[in-house]
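This is input.txt (compact mmCIF, C-alpha atoms and all ligand atoms).
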# COMPACT_ATOMS: atom_id res chain seq x y z
CA MET A 1 -59.28 -62.30 116.57
CA THR A 2 -62.66 -61.05 115.42
CA GLY A 3 -65.42 -60.32 117.94
CA GLY A 4 -62.88 -60.09 120.78
CA ALA A 5 -64.78 -57.27 122.47
CA GLY A 6 -67.83 -59.47 123.08
CA TYR A 7 -68.83 -61.81 125.89
CA ILE A 8 -66.92 -64.94 124.83
CA GLY A 9 -64.27 -63.03 122.88
CA GLY A 10 -63.29 -61.00 125.94
CA HIS A 11 -62.52 -64.24 127.75
CA VAL A 12 -60.50 -65.63 124.84
CA VAL A 13 -58.50 -62.38 124.57
CA ARG A 14 -57.70 -62.34 128.28
CA SER A 15 -56.75 -66.02 128.26
CA LEU A 16 -54.43 -65.53 125.26
CA LEU A 17 -52.82 -62.42 126.72
CA GLY A 18 -52.42 -64.32 130.00
CA ARG A 19 -50.25 -66.93 128.35
CA GLY A 20 -48.20 -64.31 126.54
CA ASP A 21 -49.70 -64.45 123.04
CA GLY A 22 -50.00 -61.22 121.04
CA VAL A 23 -53.59 -60.40 120.06
CA VAL A 24 -55.12 -58.02 117.53
CA VAL A 25 -58.89 -57.65 117.96
CA VAL A 26 -61.09 -56.81 114.97
CA ASP A 27 -64.52 -55.72 116.16
CA ASP A 28 -67.05 -53.11 115.06
CA LEU A 29 -68.11 -52.60 118.71
CA SER A 30 -71.76 -52.95 117.68
CA GLU A 31 -72.28 -55.21 120.70
CA GLY A 32 -68.99 -55.47 122.51
CA SER A 33 -66.94 -52.98 124.45
CA ALA A 34 -63.33 -51.90 124.06
CA ALA A 35 -63.01 -52.15 127.84
CA ARG A 36 -63.09 -55.94 127.51
CA ILE A 37 -59.92 -56.36 125.44
CA GLY A 38 -57.31 -55.02 127.86
CA ALA A 39 -53.94 -54.40 126.23
CA ALA A 40 -54.86 -56.00 122.90
CA GLU A 41 -54.78 -53.76 119.83
CA LEU A 42 -58.25 -52.86 118.46
CA VAL A 43 -59.05 -52.54 114.75
CA ARG A 44 -62.60 -51.29 114.40
CA LEU A 45 -64.34 -52.56 111.28
CA ASP A 46 -67.27 -54.64 110.04
CA VAL A 47 -65.83 -57.99 108.90
CA ALA A 48 -68.80 -58.52 106.57
CA ASP A 49 -68.26 -55.24 104.70
CA PRO A 50 -66.51 -55.97 101.38
CA ALA A 51 -65.01 -52.46 101.52
CA ALA A 52 -63.22 -53.46 104.75
CA LEU A 53 -61.31 -56.36 103.16
CA GLY A 54 -58.11 -54.36 102.87
CA GLY A 55 -58.25 -53.32 106.52
CA LEU A 56 -59.05 -56.86 107.59
CA THR A 57 -56.13 -58.24 105.58
CA ALA A 58 -53.79 -55.63 107.06
CA ALA A 59 -54.96 -56.53 110.58
CA MET A 60 -53.89 -60.14 109.92
CA ALA A 61 -50.39 -59.26 108.72
CA GLY A 62 -47.86 -61.45 110.50
CA ALA A 63 -50.51 -63.41 112.43
CA ASP A 64 -50.07 -67.14 113.00
CA ALA A 65 -53.80 -67.84 113.29
CA VAL A 66 -57.26 -66.27 113.34
CA VAL A 67 -60.07 -66.83 115.85
CA HIS A 68 -63.35 -65.74 114.26
CA LEU A 69 -66.07 -65.03 116.82
CA ALA A 70 -67.74 -61.92 115.36
CA ALA A 71 -71.34 -62.68 114.47
CA ARG A 72 -74.97 -61.80 115.09
CA LYS A 73 -76.39 -64.36 117.50
CA GLN A 74 -80.01 -63.72 118.38
CA VAL A 75 -82.24 -66.49 117.08
CA GLY A 76 -85.46 -64.44 117.15
CA GLU A 77 -83.82 -61.53 115.36
CA SER A 78 -82.49 -63.94 112.73
CA VAL A 79 -86.04 -65.10 112.01
CA LYS A 80 -87.13 -61.47 111.47
CA ARG A 81 -84.04 -60.37 109.51
CA PRO A 82 -82.71 -63.47 107.72
CA ALA A 83 -81.01 -61.62 104.86
CA TRP A 84 -79.08 -59.45 107.32
CA TYR A 85 -78.00 -62.54 109.26
CA PHE A 86 -76.70 -64.18 106.10
CA GLN A 87 -74.99 -60.93 105.06
CA GLN A 88 -73.37 -60.51 108.48
CA ASN A 89 -72.57 -64.08 109.50
CA VAL A 90 -71.90 -65.84 106.20
CA GLY A 91 -70.53 -62.64 104.64
CA GLY A 92 -68.32 -62.30 107.74
CA VAL A 93 -66.87 -65.79 107.30
CA ALA A 94 -66.32 -65.11 103.59
CA GLY A 95 -64.52 -61.85 104.38
CA VAL A 96 -62.33 -63.51 107.01
CA LEU A 97 -61.42 -66.36 104.65
CA ALA A 98 -60.59 -63.98 101.80
CA ALA A 99 -58.42 -61.86 104.09
CA MET A 100 -56.65 -64.93 105.50
CA GLU A 101 -55.82 -66.19 102.03
CA ARG A 102 -54.49 -62.77 101.03
CA ALA A 103 -52.49 -62.37 104.25
CA GLY A 104 -51.13 -65.92 104.08
CA VAL A 105 -52.62 -66.99 107.43
CA GLY A 106 -53.47 -70.69 107.32
CA ARG A 107 -55.09 -71.56 110.68
CA LEU A 108 -58.60 -70.72 111.85
CA VAL A 109 -60.76 -71.37 114.90
CA PHE A 110 -64.43 -70.59 114.19
CA SER A 111 -67.33 -70.02 116.62
CA SER A 112 -70.05 -72.38 115.52
CA SER A 113 -73.04 -73.42 117.57
CA ALA A 114 -75.21 -76.29 118.71
CA ALA A 115 -77.86 -74.49 116.64
CA VAL A 116 -76.50 -76.38 113.60
CA TYR A 117 -78.22 -79.52 114.92
CA GLY A 118 -81.73 -78.03 115.07
CA VAL A 119 -84.05 -80.36 116.94
CA PRO A 120 -82.10 -83.62 117.01
CA ALA A 121 -83.91 -86.92 116.81
CA GLY A 122 -84.00 -88.47 120.29
CA ALA A 123 -83.59 -85.05 121.93
CA GLY A 124 -86.37 -85.94 124.34
CA ALA A 125 -84.91 -89.23 125.39
CA GLY A 126 -81.83 -87.82 127.08
CA GLY A 127 -79.57 -88.83 124.21
CA ARG A 128 -76.32 -86.93 123.75
CA ILE A 129 -75.57 -85.31 120.40
CA ALA A 130 -72.39 -86.33 118.62
CA GLU A 131 -70.86 -84.46 115.69
CA THR A 132 -72.09 -87.24 113.40
CA ALA A 133 -75.72 -86.24 114.12
CA PRO A 134 -77.52 -84.72 111.11
CA THR A 135 -77.15 -80.95 110.83
CA ARG A 136 -80.64 -79.58 110.26
CA PRO A 137 -80.82 -76.05 111.71
CA VAL A 138 -84.33 -74.76 112.38
CA ASN A 139 -83.67 -71.02 112.19
CA PRO A 140 -81.61 -68.62 110.05
CA TYR A 141 -79.04 -68.15 112.84
CA GLY A 142 -78.22 -71.87 112.85
CA GLU A 143 -78.23 -71.93 109.05
CA THR A 144 -75.64 -69.14 108.93
CA LYS A 145 -73.38 -71.06 111.32
CA LEU A 146 -73.64 -74.21 109.23
CA ALA A 147 -73.00 -72.27 106.02
CA GLY A 148 -69.91 -70.79 107.73
CA GLU A 149 -68.65 -74.30 108.48
CA TRP A 150 -69.18 -75.26 104.83
CA ALA A 151 -67.26 -72.22 103.54
CA ILE A 152 -64.39 -73.10 105.90
CA ARG A 153 -64.37 -76.74 104.81
CA ASP A 154 -64.23 -75.62 101.18
CA ALA A 155 -61.29 -73.31 101.92
CA ALA A 156 -59.46 -76.27 103.46
CA THR A 157 -59.95 -78.16 100.20
CA ALA A 158 -59.18 -75.20 97.93
CA TRP A 159 -56.10 -73.65 99.48
CA GLY A 160 -54.97 -75.72 102.44
CA LEU A 161 -56.64 -73.90 105.35
CA ARG A 162 -56.42 -75.80 108.65
CA ALA A 163 -59.48 -75.11 110.78
CA VAL A 164 -61.50 -76.14 113.80
CA SER A 165 -65.17 -75.16 114.16
CA LEU A 166 -66.23 -75.17 117.80
CA ARG A 167 -69.93 -75.93 118.22
CA TYR A 168 -70.64 -74.31 121.58
CA PHE A 169 -73.63 -75.44 123.59
CA ASN A 170 -75.03 -73.05 126.26
CA VAL A 171 -72.19 -70.74 127.20
CA ALA A 172 -72.67 -69.13 130.62
CA GLY A 173 -70.84 -67.82 133.66
CA ALA A 174 -67.95 -65.39 133.90
CA GLY A 175 -64.24 -66.08 134.13
CA TRP A 176 -63.70 -62.63 135.65
CA PRO A 177 -66.39 -60.46 137.29
CA ASP A 178 -65.94 -57.65 134.74
CA LEU A 179 -66.53 -59.99 131.77
CA GLY A 180 -70.03 -61.23 132.56
CA ASP A 181 -72.88 -61.54 130.09
CA SER A 182 -74.97 -58.57 131.07
CA ALA A 183 -77.83 -58.83 128.57
CA ALA A 184 -80.84 -60.75 129.83
CA LEU A 185 -81.53 -62.96 126.83
CA ASN A 186 -80.38 -66.35 128.14
CA LEU A 187 -81.95 -68.28 130.99
CA ILE A 188 -79.44 -67.49 133.73
CA PRO A 189 -79.35 -63.67 133.27
CA LEU A 190 -83.13 -63.73 132.71
CA VAL A 191 -83.60 -65.24 136.16
CA PHE A 192 -81.21 -62.64 137.62
CA GLU A 193 -83.19 -59.87 135.98
CA ALA A 194 -86.47 -61.23 137.34
CA LEU A 195 -84.97 -61.33 140.85
CA ASP A 196 -83.66 -57.77 140.60
CA ALA A 197 -87.08 -56.58 139.43
CA GLY A 198 -88.71 -58.26 142.42
CA GLY A 199 -90.55 -60.66 140.12
CA VAL A 200 -90.52 -64.40 139.66
CA PRO A 201 -89.03 -66.30 136.72
CA VAL A 202 -91.36 -68.08 134.32
CA ILE A 203 -90.68 -71.66 133.25
CA PHE A 204 -91.81 -72.20 129.66
CA GLY A 205 -93.21 -75.71 129.69
CA GLU A 206 -93.21 -78.29 132.46
CA ASP A 207 -94.55 -81.21 130.47
CA TYR A 208 -91.53 -82.14 128.36
CA PRO A 209 -90.34 -85.76 128.30
CA THR A 210 -87.44 -84.97 130.66
CA PRO A 211 -86.86 -86.07 134.28
CA ASP A 212 -88.57 -83.03 135.86
CA GLY A 213 -90.63 -81.99 132.83
CA THR A 214 -88.60 -78.85 132.05
CA CYS A 215 -86.15 -78.36 129.16
CA VAL A 216 -82.62 -79.66 129.59
CA ARG A 217 -79.52 -77.90 128.23
CA ASP A 218 -75.75 -78.36 128.39
CA TYR A 219 -74.32 -75.31 130.21
CA VAL A 220 -70.60 -74.80 129.73
CA HIS A 221 -68.52 -72.23 131.60
CA VAL A 222 -67.23 -69.44 129.36
CA ARG A 223 -63.80 -69.89 130.96
CA ASP A 224 -63.79 -73.51 129.74
CA VAL A 225 -64.95 -72.32 126.31
CA ALA A 226 -62.03 -69.87 126.19
CA ALA A 227 -59.66 -72.71 127.13
CA ALA A 228 -61.03 -74.77 124.22
CA HIS A 229 -59.93 -71.99 121.83
CA LEU A 230 -56.39 -72.09 123.17
CA ALA A 231 -56.35 -75.88 122.84
CA ALA A 232 -57.69 -75.62 119.28
CA LEU A 233 -55.01 -73.08 118.35
CA ASP A 234 -52.36 -75.43 119.75
CA ARG A 235 -53.77 -78.36 117.81
CA LEU A 236 -53.67 -76.35 114.59
CA ALA A 237 -50.07 -75.30 115.25
CA ALA A 238 -48.99 -78.94 115.37
CA PRO A 239 -47.99 -80.43 112.02
CA GLY A 240 -50.71 -82.19 110.08
CA PRO A 241 -52.64 -82.10 106.83
CA ALA A 242 -55.13 -79.40 105.95
CA ASP A 243 -58.56 -80.21 107.27
CA ALA A 244 -61.65 -78.66 108.85
CA THR A 245 -63.02 -80.37 111.91
CA ALA A 246 -66.18 -79.56 113.88
CA LEU A 247 -66.15 -80.26 117.61
CA ASN A 248 -68.86 -80.07 120.26
CA ILE A 249 -67.96 -77.79 123.16
CA GLY A 250 -70.01 -78.64 126.21
CA THR A 251 -69.88 -80.68 129.39
CA GLY A 252 -71.94 -83.68 128.32
CA VAL A 253 -74.09 -83.12 131.41
CA GLY A 254 -77.57 -81.66 131.13
CA ALA A 255 -79.26 -79.27 133.55
CA SER A 256 -82.99 -78.64 133.54
CA VAL A 257 -84.60 -75.23 133.83
CA ARG A 258 -85.70 -76.16 137.34
CA GLN A 259 -82.15 -77.12 138.29
CA VAL A 260 -80.84 -73.82 136.94
CA VAL A 261 -83.42 -71.85 138.92
CA ALA A 262 -82.45 -73.80 142.06
CA ALA A 263 -78.76 -73.07 141.41
CA VAL A 264 -79.56 -69.36 141.07
CA ALA A 265 -81.50 -69.42 144.35
CA GLN A 266 -78.47 -71.05 145.99
CA ALA A 267 -75.99 -68.53 144.53
CA ALA A 268 -78.18 -65.53 145.36
CA GLY A 269 -79.14 -66.81 148.79
CA ARG A 270 -82.81 -66.19 148.10
CA ASP A 271 -85.97 -68.20 147.77
CA VAL A 272 -87.03 -68.34 144.14
CA ALA A 273 -90.48 -69.70 143.31
CA PRO A 274 -90.90 -69.82 139.52
CA THR A 275 -94.30 -69.76 137.86
CA ALA A 276 -95.39 -72.11 135.11
CA GLY A 277 -95.80 -70.81 131.57
CA SER A 278 -96.66 -72.59 128.36
CA ARG A 279 -94.13 -74.12 126.00
CA ARG A 280 -92.31 -71.87 123.50
CA PRO A 281 -92.50 -73.09 119.91
CA GLY A 282 -89.30 -74.68 118.62
CA ASP A 283 -87.72 -75.44 122.03
CA PRO A 284 -86.22 -78.96 121.87
CA PRO A 285 -86.80 -80.88 125.12
CA SER A 286 -83.13 -81.69 125.59
CA LEU A 287 -79.85 -80.51 124.01
CA VAL A 288 -76.82 -82.15 125.58
CA CYS A 289 -73.63 -82.88 123.71
CA ASP A 290 -71.30 -85.79 123.54
CA PRO A 291 -68.00 -83.93 124.09
CA GLY A 292 -65.82 -87.03 123.52
CA LEU A 293 -64.40 -85.90 120.19
CA ALA A 294 -63.16 -82.59 121.65
CA TRP A 295 -61.61 -84.50 124.56
CA ARG A 296 -59.70 -86.70 122.14
CA GLU A 297 -58.83 -84.10 119.50
CA LEU A 298 -57.93 -81.22 121.78
CA GLY A 299 -57.02 -82.85 125.06
CA TRP A 300 -59.56 -80.39 126.48
CA ARG A 301 -62.35 -81.02 128.96
CA ALA A 302 -64.81 -78.64 130.63
CA SER A 303 -64.04 -78.47 134.34
CA ALA A 304 -66.84 -76.34 135.81
CA GLY A 305 -70.30 -77.62 136.70
CA LEU A 306 -73.58 -75.77 137.08
CA PRO A 307 -73.06 -74.40 140.64
CA GLU A 308 -69.74 -72.78 139.68
CA ILE A 309 -71.15 -71.43 136.41
CA VAL A 310 -74.13 -69.83 138.14
CA ALA A 311 -72.11 -68.49 141.08
CA SER A 312 -69.61 -66.81 138.73
CA ALA A 313 -72.43 -65.37 136.62
CA TRP A 314 -74.14 -64.01 139.74
CA ALA A 315 -70.92 -62.38 141.01
CA ALA A 316 -70.42 -60.70 137.63
CA TRP A 317 -74.07 -59.62 137.44
CA ARG A 318 -73.85 -58.07 140.91
CA SER A 319 -70.61 -56.29 140.14
CA ALA A 320 -72.15 -54.80 136.98
CA HIS A 321 -75.56 -53.93 138.41
CA ASP A 322 -74.69 -52.85 141.94
CA ALA A 323 -72.07 -50.44 140.61
CA GLY A 324 -74.71 -48.96 138.32
CA ALA A 325 -72.28 -49.23 135.44
CA PRO A 326 -72.87 -51.01 132.15
CA ALA A 327 -71.04 -54.34 132.08
CA GLY A 328 -69.92 -53.70 128.54
CA GLY A 329 -71.20 -56.09 126.08
CA ALA A 330 -73.03 -58.89 125.07
CA VAL A 331 -76.37 -60.16 124.36
CA ALA A 332 -76.83 -63.88 124.12
N1 LIG A 401 -73.10 -66.96 123.77
C1 LIG A 401 -73.41 -68.21 123.43
O1 LIG A 401 -74.02 -68.97 124.21
C2 LIG A 401 -73.03 -68.75 122.07
C3 LIG A 401 -73.40 -70.07 121.74
C4 LIG A 401 -73.02 -70.57 120.49
C5 LIG A 401 -72.29 -69.80 119.62
N2 LIG A 401 -71.96 -68.53 119.95
C6 LIG A 401 -71.18 -67.75 118.98
O2 LIG A 401 -70.02 -67.23 119.63
C7 LIG A 401 -69.63 -66.01 119.05
C8 LIG A 401 -69.45 -64.97 120.12
O3 LIG A 401 -70.66 -64.87 120.86
P1 LIG A 401 -70.80 -63.89 122.09
O4 LIG A 401 -71.79 -64.52 122.99
O5 LIG A 401 -69.49 -63.50 122.63
O6 LIG A 401 -71.49 -62.65 121.35
P2 LIG A 401 -71.28 -61.08 121.54
O7 LIG A 401 -72.40 -60.40 120.81
O8 LIG A 401 -71.06 -60.75 122.96
O9 LIG A 401 -69.93 -60.83 120.78
C9 LIG A 401 -69.85 -60.71 119.39
C10 LIG A 401 -68.84 -59.61 119.09
O10 LIG A 401 -68.68 -59.53 117.68
C11 LIG A 401 -68.82 -58.18 117.27
N3 LIG A 401 -69.40 -58.23 115.92
C12 LIG A 401 -70.60 -58.76 115.55
N4 LIG A 401 -70.74 -58.66 114.22
C13 LIG A 401 -69.62 -58.06 113.74
C14 LIG A 401 -69.16 -57.69 112.44
N5 LIG A 401 -69.91 -57.90 111.34
N6 LIG A 401 -67.95 -57.12 112.31
C15 LIG A 401 -67.17 -56.89 113.39
N7 LIG A 401 -67.54 -57.20 114.65
C16 LIG A 401 -68.75 -57.79 114.81
C17 LIG A 401 -69.70 -57.52 118.31
O11 LIG A 401 -69.46 -56.13 118.41
C18 LIG A 401 -69.28 -58.25 119.58
O12 LIG A 401 -68.17 -57.61 120.21
C19 LIG A 401 -70.70 -65.68 118.01
O13 LIG A 401 -70.22 -66.10 116.75
C20 LIG A 401 -71.88 -66.52 118.44
O14 LIG A 401 -72.70 -66.85 117.34
C21 LIG A 401 -72.31 -67.98 121.15
In C-alpha cells, how does this file's structure come out?
Amino acid sequence: MTGGAGYIGGHVVRSLLGRGDGVVVVDDLSEGSAARIGAAELVRLDVADPAALGGLTAAMAGADAVVHLAARKQVGESVKRPAWYFQQNVGGVAGVLAAMERAGVGRLVFSSSAAVYGVPAGAGAGGRIAETAPTRPVNPYGETKLAGEWAIRDAATAWGLRAVSLRYFNVAGAGWPDLGDSAALNLIPLVFEALDAGGVPVIFGEDYPTPDGTCVRDYVHVRDVAAAHLAALDRLAAPGPADATALNIGTGVGASVRQVVAAVAQAAGRDVAPTAGSRRPGDPPSLVCDPGLAWRELGWRASAGLPEIVASAWAAWRSAHDAGAPAGGAVA
C-alpha cells in the first residue's frame, strides 16, 4: 500500500491488519507518520521518483494487490504548483503501474476524488452525482486524479490490470482516536481549531441555492472509506475480466455547513455561534454523490452519519491536542 502512513491510509492499514492481511506500506513520510502503520512493514520512498522504481518493484514482490493512496491533496497548493502536482500525483500513478507490471501484480485500488467532477451541472438543485456525470475538474488537483484514472484504465487495456478507482467525497471522522485528521484544512477540524482558539467559525456564503443557504457536502466516515477498500480488494480477487471501474464513495446524504457546525456544538457540548463571511470562489453549492454503483459493485454501504463522524473526529482531536502531542499526519 502506498500512502499508508497518512490519514486515510492509516485506517486502511489497521483494517487490513485487523482481518489478518499482510501489509507493506510505501510512504515517504512527507505528510504521514510511521506511528500510524502499526506492525506493517515500512518502505520509505517517493513513488513519483523514477530512481525509486526498483525499490517500489521490490516492495511489491509477492503481493496480491496494491492500494495506491499516496498523493498531494491540497487544492490551493495545486493551483500554485501545478507542475509539482502532476509530477507527484500523475508521476506517482505511472510509477506504481510500472512497478506493478514489473512485479506481476495485477490488482489495484486507487484513491480518486469527487474533485474529478468539478462543479457539476445541477449541483445547486440538490441533485446527486453519479459516475456517469461529466468529469470536468476545475483545479490541478482534480485534473491529476482524473489523469490517474485514465492511466489506470489504459493499463487495464494494455496488460490486463484489474482496478477500482474510489472517488471519495468528504472524508472525515476517526476510526480510532489516534488516527484523526489533525491538520485544520477541512471544515470539521477548522471548526475545532476555531473553538480551541476561543474564536468563532466563519461560514463562507449563506446565499447559496441550498435549503439553509450554506454549502452542502457528502461527509463519509473514514472508517467506512477504509471498509470500501477492503470490499474493493475482495471484488478484484474474484474472477472476472480485466477492467477499471470508478465508484463514488460517499453516503448519498448531504450536510450543510450550518448542520456541521451544529453537530460540532453538540459533540463539544458548547454553544457555537458562527459568523457570516462572503462566498469563496469555486465552491460548488452542493456536492452529494449517488453511491448506488458502489453498493451494487462492492456490496458496501457507508454506515455512519454526521453525528457519529463529528463525535469521532472530536474525540480524536481532543486526544491529540489535550495530550500536547502531534497526532501524526495528515492535512486534508
Ligand atoms: N482526505 C480526503 O478527504 C480525500 C478526499 C478525496 C481523495 N483523497 C485522496 O486520498 C488519498 C489519501 O489522502 P489522505 O487524506 O490520507 O492524505 P494524507 O496526506 O494524510 O496521506 C497521504 C500519504 O501519502 C504520502 N505521500 C504523499 N506523496 C507521496 C509520494 N510521492 N511518495 C510516497 N508517499 C507519498 C504522505 O506522506 C502521506 O502519508 C490521497 O490520494 C488523496 O488525494 C482524500
**OP:** Tell me which protein, DNA and RNA residues are within 9 Å of Val260 of chain A, counting all atoms listed in the file, leaving out same-chain ones fewer than 2 positions away, and put them as JSON, numbers by chain.
**Re:** {"A": [187, 188, 255, 256, 257, 258, 262, 263, 264, 265, 306, 307, 310]}
**OP:** Please indicate the distance in Å from atom CA of Gly292 of chain A to atom C2 of ligand LIG 401 (chain A), rounded to one decimal place.
**Re:**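 It comes out at 19.7 Å.
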Would you write out, as CSV, a table of all residues in chain A that have an atom no more than 6 Å from an atom of ligand LIG 401 (chain A), listing for each the closest atom pair and the distance in Å to one decimal, considering only C-alpha atoms and all ligand atoms and ordering rows by chain and rising residue number?
residue,atom,partner,partner_atom,distance
A:Gly3,CA,A:LIG401,O10,3.4
A:Gly4,CA,A:LIG401,O12,5.9
A:Ala5,CA,A:LIG401,O12,4.1
A:Gly6,CA,A:LIG401,O9,3.4
A:Tyr7,CA,A:LIG401,O5,3.7
A:Ile8,CA,A:LIG401,O5,3.7
A:Gly9,CA,A:LIG401,O5,5.2
A:Asp27,CA,A:LIG401,N7,3.7
A:Asp28,CA,A:LIG401,C15,4.1
A:Leu29,CA,A:LIG401,O11,3.8
A:Ser30,CA,A:LIG401,O11,4.0
A:Glu31,CA,A:LIG401,O11,3.7
A:Gly32,CA,A:LIG401,O12,3.2
A:Leu45,CA,A:LIG401,C15,5.6
A:Asp46,CA,A:LIG401,N6,3.4
A:Val47,CA,A:LIG401,N6,4.1
A:Ala48,CA,A:LIG401,N5,4.9
A:Leu69,CA,A:LIG401,O13,4.3
A:Ala70,CA,A:LIG401,O10,3.5
A:Ala71,CA,A:LIG401,N4,4.1
A:Arg72,CA,A:LIG401,N4,5.3
A:Lys73,CA,A:LIG401,O14,4.5
A:Gln88,CA,A:LIG401,N5,5.2
A:Gly92,CA,A:LIG401,N5,5.9
A:Ser111,CA,A:LIG401,O13,4.9
A:Ser112,CA,A:LIG401,C5,5.3
A:Ser113,CA,A:LIG401,C4,4.1
A:Tyr168,CA,A:LIG401,C4,4.6
A:Phe169,CA,A:LIG401,C3,5.7
A:Asn170,CA,A:LIG401,O1,4.7
A:Val171,CA,A:LIG401,O1,3.9
A:Gly329,CA,A:LIG401,O8,5.6
A:Ala330,CA,A:LIG401,O8,3.4
A:Val331,CA,A:LIG401,O7,5.3
A:Ala332,CA,A:LIG401,N1,4.8
**OP:** Go through A:Ala156, A:Ala63, A:Val164, A:Cys215 and flag the residue nearest Ala232 of chain A, using all atoms listed in the file for the distances.
**Re:**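 Among A:Ala156, A:Ala63, A:Val164, A:Cys215, it is A:Val164 that comes nearest to Ala232 of chain A.
Closest approach to Thr144 of chain A from the set A:Ser78, A:Ser165, A:Ser33, A:Thr132 is made by A:Ser78, with distances taken over all atoms listed in the file.
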Subject >> Distance criterion (all atoms listed in the file): nearest to Ala311 of chain A out of A:Gln266, A:Ala184, A:Ser286, A:Ala59 >> reply: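 Of the candidates, the smallest distance to Ala311 of chain A is held by A:Gln266.
Pairwise distance (atom CA of Glu77 of chain A, atom CA of Ala174 of chain A) equals 24.7 Å.
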Subject >> Interatomic distance (Å, one decimal) between atom CA of Ala304 of chain A and atom CA of His11 of chain A >> reply: 15.2 Å
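Of the residues listed (A:Val261, A:Ile203, A:Ala163, A:Ala58), A:Ala58 shows the shortest atom-to-atom separation from Val43 of chain A; distances use all atoms listed in the file.
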